[in-house]
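final.cif follows (mmCIF, C-alpha atoms):
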data_target
#
loop_
_atom_site.label_atom_id
_atom_site.label_comp_id
_atom_site.auth_asym_id
_atom_site.auth_seq_id
_atom_site.Cartn_x
_atom_site.Cartn_y
_atom_site.Cartn_z
CA MET A 146 95.73 -109.52 -139.50
CA LYS A 147 94.41 -112.75 -137.94
CA GLN A 148 96.46 -114.42 -135.23
CA LEU A 149 98.24 -117.66 -136.21
CA ILE A 150 97.64 -120.95 -134.40
CA LEU A 151 99.88 -124.00 -134.83
CA ILE A 152 98.06 -127.32 -134.37
CA ILE A 153 100.29 -130.29 -133.49
CA ASP A 154 98.27 -133.50 -133.79
CA ASP A 155 98.74 -136.71 -135.79
CA ASP A 156 95.03 -137.25 -136.53
CA GLU A 157 94.31 -135.64 -139.94
CA ASN A 158 90.53 -135.60 -139.48
CA TYR A 159 90.85 -133.96 -136.10
CA LYS A 160 93.23 -131.30 -137.50
CA LEU A 161 90.84 -130.56 -140.37
CA ASP A 162 87.92 -130.20 -137.94
CA LEU A 163 89.96 -127.81 -135.79
CA GLN A 164 91.04 -125.77 -138.80
CA LEU A 165 87.40 -125.44 -139.93
CA LEU A 166 86.34 -124.45 -136.42
CA LEU A 167 89.05 -121.79 -136.09
CA LYS A 168 89.12 -120.35 -139.63
CA LYS A 169 86.64 -117.57 -138.87
CA ASP A 170 88.81 -116.05 -136.13
CA PHE A 171 92.34 -117.35 -136.76
CA GLU A 172 94.85 -118.48 -139.36
CA THR A 173 96.06 -122.05 -138.78
CA ILE A 174 98.98 -124.26 -139.73
CA SER A 175 99.42 -127.86 -138.66
CA ALA A 176 102.00 -130.54 -138.01
CA ASP A 177 101.74 -134.19 -137.09
CA THR A 178 105.23 -134.68 -135.59
CA LEU A 179 107.50 -132.86 -133.17
CA GLN A 180 110.05 -132.20 -135.91
CA MET A 181 107.50 -130.60 -138.23
CA GLY A 182 105.98 -128.66 -135.33
CA ILE A 183 109.37 -127.20 -134.34
CA LYS A 184 110.11 -126.32 -137.97
CA LEU A 185 106.76 -124.51 -138.31
CA LEU A 186 107.22 -122.81 -134.93
CA ASN A 187 110.59 -121.41 -136.00
CA LYS A 188 109.45 -120.45 -139.50
CA HIS A 189 106.09 -118.82 -138.72
CA SER A 190 106.23 -117.69 -135.06
CA PRO A 191 102.62 -118.66 -134.25
CA ASP A 192 100.70 -116.76 -131.61
CA LEU A 193 99.53 -119.98 -129.93
CA ILE A 194 100.00 -123.77 -130.15
CA LEU A 195 97.23 -126.36 -129.76
CA LEU A 196 99.05 -129.54 -128.75
CA ASP A 197 97.69 -133.08 -128.57
CA LEU A 198 99.34 -135.15 -125.84
CA MET A 199 99.01 -138.49 -127.62
CA ILE A 200 101.15 -137.99 -130.73
CA PRO A 201 103.32 -140.93 -131.78
CA VAL A 202 107.04 -141.36 -130.98
CA ILE A 203 107.33 -138.38 -128.59
CA SER A 204 104.51 -137.53 -126.17
CA GLY A 205 102.88 -134.13 -126.15
CA ILE A 206 104.28 -133.61 -122.64
CA GLU A 207 107.80 -134.02 -124.03
CA VAL A 208 106.96 -131.76 -126.99
CA CYS A 209 105.82 -129.06 -124.54
CA ARG A 210 109.03 -129.41 -122.52
CA ILE A 211 111.16 -129.11 -125.68
CA ILE A 212 109.24 -126.06 -126.95
CA ARG A 213 109.61 -124.37 -123.56
CA THR A 214 113.42 -124.58 -123.79
CA THR A 215 113.37 -122.05 -126.65
CA SER A 216 109.97 -120.33 -126.74
CA GLN A 217 107.30 -118.81 -124.51
CA VAL A 218 104.55 -119.11 -127.13
CA PRO A 219 101.25 -119.92 -125.37
CA ILE A 220 100.38 -123.64 -125.44
CA ILE A 221 96.97 -125.20 -124.91
CA MET A 222 97.02 -128.97 -124.53
CA LEU A 223 94.08 -130.73 -126.19
CA THR A 224 93.74 -134.36 -125.21
CA ALA A 225 91.51 -137.23 -124.22
CA LYS A 226 93.70 -137.75 -121.14
CA ASP A 227 91.66 -136.41 -118.28
CA ALA A 228 93.51 -137.77 -115.25
CA GLU A 229 94.44 -135.13 -112.71
CA ILE A 230 98.13 -136.09 -112.87
CA ASP A 231 98.23 -135.51 -116.64
CA LYS A 232 96.72 -132.05 -116.20
CA VAL A 233 99.10 -131.14 -113.38
CA VAL A 234 102.19 -132.35 -115.25
CA GLY A 235 101.13 -130.54 -118.44
CA LEU A 236 100.54 -127.26 -116.63
CA GLU A 237 103.75 -127.55 -114.60
CA LEU A 238 105.81 -128.17 -117.73
CA GLY A 239 104.61 -124.93 -119.25
CA ALA A 240 101.18 -125.37 -120.83
CA ASP A 241 98.99 -122.31 -120.43
CA ASP A 242 95.75 -124.30 -120.42
CA TYR A 243 94.57 -127.91 -120.63
CA VAL A 244 91.36 -128.91 -122.44
CA THR A 245 90.03 -132.45 -122.50
CA LYS A 246 88.20 -134.06 -125.40
CA PRO A 247 85.36 -133.97 -126.10
CA TYR A 248 85.09 -130.25 -125.61
CA SER A 249 82.64 -127.53 -126.52
CA SER A 250 83.68 -125.61 -129.64
CA ARG A 251 82.63 -122.31 -128.10
CA GLU A 252 84.53 -123.08 -124.89
CA LEU A 253 87.70 -123.92 -126.82
CA ILE A 254 87.54 -120.67 -128.80
CA ALA A 255 86.89 -118.73 -125.57
CA ARG A 256 89.90 -120.39 -123.92
CA ILE A 257 92.12 -119.61 -126.92
CA LYS A 258 91.05 -115.96 -126.85
CA ALA A 259 91.59 -115.78 -123.07
CA VAL A 260 95.12 -117.18 -123.32
CA LEU A 261 95.94 -114.79 -126.16
CA ARG A 262 94.50 -111.87 -124.17
CA ARG A 263 96.65 -112.76 -121.17
CA GLY A 264 99.70 -112.81 -123.42
CA ASN A 265 98.85 -109.36 -124.76
CA LEU A 266 98.23 -108.08 -121.23
CA ASP A 267 101.64 -109.37 -120.10
CA ASP A 268 103.26 -107.50 -123.01
CA SER A 269 101.46 -104.26 -122.18
CA LEU A 270 102.46 -104.45 -118.51
CA ASP A 271 106.09 -104.05 -119.55
CA GLY A 272 105.23 -100.70 -121.12
CA ASP A 273 106.97 -101.82 -124.32
CA SER A 274 105.91 -105.10 -125.88
CA GLY A 275 109.27 -105.50 -127.58
CA ILE A 276 107.47 -106.03 -130.88
CA HIS A 277 107.91 -103.40 -133.55
CA VAL A 278 106.24 -103.62 -136.97
CA VAL A 279 107.00 -101.42 -139.99
CA ALA A 280 105.92 -102.15 -143.57
CA GLY A 281 105.65 -105.94 -143.14
CA ILE A 282 108.87 -106.20 -141.11
CA LYS A 283 108.41 -107.38 -137.53
CA LEU A 284 111.18 -107.10 -134.93
CA ASP A 285 110.47 -109.11 -131.78
CA THR A 286 113.13 -108.24 -129.21
CA GLY A 287 111.69 -110.71 -126.71
CA LYS A 288 112.16 -113.63 -129.11
CA HIS A 289 115.27 -112.10 -130.75
CA GLN A 290 113.59 -112.62 -134.08
CA VAL A 291 112.92 -110.71 -137.30
CA THR A 292 110.16 -111.68 -139.73
CA ILE A 293 109.36 -110.21 -143.13
CA ASN A 294 105.79 -110.85 -144.30
CA GLY A 295 105.54 -113.73 -141.80
CA GLU A 296 108.79 -115.43 -142.85
CA VAL A 297 111.51 -115.67 -140.19
CA VAL A 298 114.80 -114.12 -141.32
CA ALA A 299 117.99 -115.88 -140.23
CA LEU A 300 120.42 -113.30 -138.88
CA PRO A 301 123.99 -113.67 -137.59
CA LEU A 302 124.54 -113.18 -133.85
CA LYS A 303 126.27 -109.81 -134.41
#

Once more with this new file: its structure as structure tokens, please.
Amino acid sequence: MKQLILIIDDDENYKLDLQLLLKKDFETISADTLQMGIKLLNKHSPDLILLDLMIPVISGIEVCRIIRTTSQVPIIMLTAKDAEIDKVVGLELGADDYVTKPYSSRELIARIKAVLRRGNLDDSLDGDSGIHVVAGIKLDTGKHQVTINGEVVALPLK
């Protein structure tokens, strides 16, 4: 099964270009607002988020901070902002990588794969990834989440 990438960006053309670029190696879903991004994050449990910093209303930096309060999903910031302070703040708030536009398509795919590999390596270092899959049912003890055929199942606390 292909890994799932959530793209959060308000530019429709840019999202379509990214989806076309990634479709060979990954499944993608996209959102243009923080609210939609959080909804998709909770519903689909993506393996990685590509986050634009310059989305309207709430900045990508704030979106990253909010996501980090509830999730450790890898985040790569994609932005035209190339000032050192923007990169430092993004990485300190929890981004796993920071890529400035324009970027090389091959480099972006390589960075995505590297971040995903690091995540898998971290899981294997524990000896038990905490993810168990049987017949389309996935139990992720690290995220305290159950999904059936990719759909998150709401469960009571007990």

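Between CA of Thr214 (chain A) and CA of Val297 (chain A) lies a distance of 18.8 Å.
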
Notebook entry, point to check: Mind telling me what the PyMOL selection byres ((chain A and resi 169-172) around 8) catches here, as a list of chain:residue names?
Noted result: A:Lys147, A:Gln148, A:Leu149, A:Ile150, A:Leu165, A:Leu166, A:Leu167, A:Lys168, A:Thr173, A:Ile174

Take the residues that were just selected and, keeping C-alpha atoms, output them as an mmCIF file, in the frame of the given file.
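File produced: selection33.cif:
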data_model
loop_
_atom_site.group_PDB
_atom_site.id
_atom_site.type_symbol
_atom_site.label_atom_id
_atom_site.label_comp_id
_atom_site.auth_asym_id
_atom_site.auth_seq_id
_atom_site.Cartn_x
_atom_site.Cartn_y
_atom_site.Cartn_z
ATOM 1 C CA LYS A 147 94.410 -112.750 -137.940
ATOM 2 C CA GLN A 148 96.460 -114.420 -135.230
ATOM 3 C CA LEU A 149 98.240 -117.660 -136.210
ATOM 4 C CA ILE A 150 97.640 -120.950 -134.400
ATOM 5 C CA LEU A 165 87.400 -125.440 -139.930
ATOM 6 C CA LEU A 166 86.340 -124.450 -136.420
ATOM 7 C CA LEU A 167 89.050 -121.790 -136.090
ATOM 8 C CA LYS A 168 89.120 -120.350 -139.630
ATOM 9 C CA THR A 173 96.060 -122.050 -138.780
ATOM 10 C CA ILE A 174 98.980 -124.260 -139.730
#

Next item on the list: Please evaluate the PyMOL selection byres ((chain A and resi 207) around 12) against the displayed coordinates and give the resulting residues as a count of residues only.
Entry: 26

Note to self: One number please: CA of Gly264 (chain A) to CA of Asp156 (chain A), in Å, one decimal.
What the structure shows: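 A separation of 28.1 Å between them.
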
Note to self: Applying the PyMOL selection byres ((chain A and resi 244-251) around 7) to the file I just gave you, which residues come out? Please list them as a ChimeraX atom specification.
What the structure shows: /A:222-227,242-243,252-255

Include C-alpha atoms and write out the residues we just selected as a compact mmCIF listing (two decimals), keeping the file's coordinate frame.
# COMPACT_ATOMS: atom_id res chain seq x y z
CA MET A 222 97.02 -128.97 -124.53
CA LEU A 223 94.08 -130.73 -126.19
CA THR A 224 93.74 -134.36 -125.21
CA ALA A 225 91.51 -137.23 -124.22
CA LYS A 226 93.70 -137.75 -121.14
CA ASP A 227 91.66 -136.41 -118.28
CA ASP A 242 95.75 -124.30 -120.42
CA TYR A 243 94.57 -127.91 -120.63
CA GLU A 252 84.53 -123.08 -124.89
CA LEU A 253 87.70 -123.92 -126.82
CA ILE A 254 87.54 -120.67 -128.80
CA ALA A 255 86.89 -118.73 -125.57

Check: Counting only C-alpha atoms, which of A:Ile152, A:Val279, A:Leu161, A:Leu236 gets nearest to Ile183 (chain A)?
Finding: A:Ile152

Note to self: To one decimal place in Å, what is the distance between CA of Ala176 (chain A) and CA of Glu296 (chain A)?
What the structure shows: 17.3 Å

Check: Between A:Gly287, A:Pro219, A:Pro301, A:Gly281, which one has atoms that come closest to Lys258 (chain A), using only C-alpha atoms?
Finding: A:Pro219

Notebook entry, point to check: Taking only C-alpha atoms into account, which of A:Glu229, A:Gln290, A:Thr215, A:Asp192 comes nearest Arg262 (chain A)?
Noted result: A:Asp192
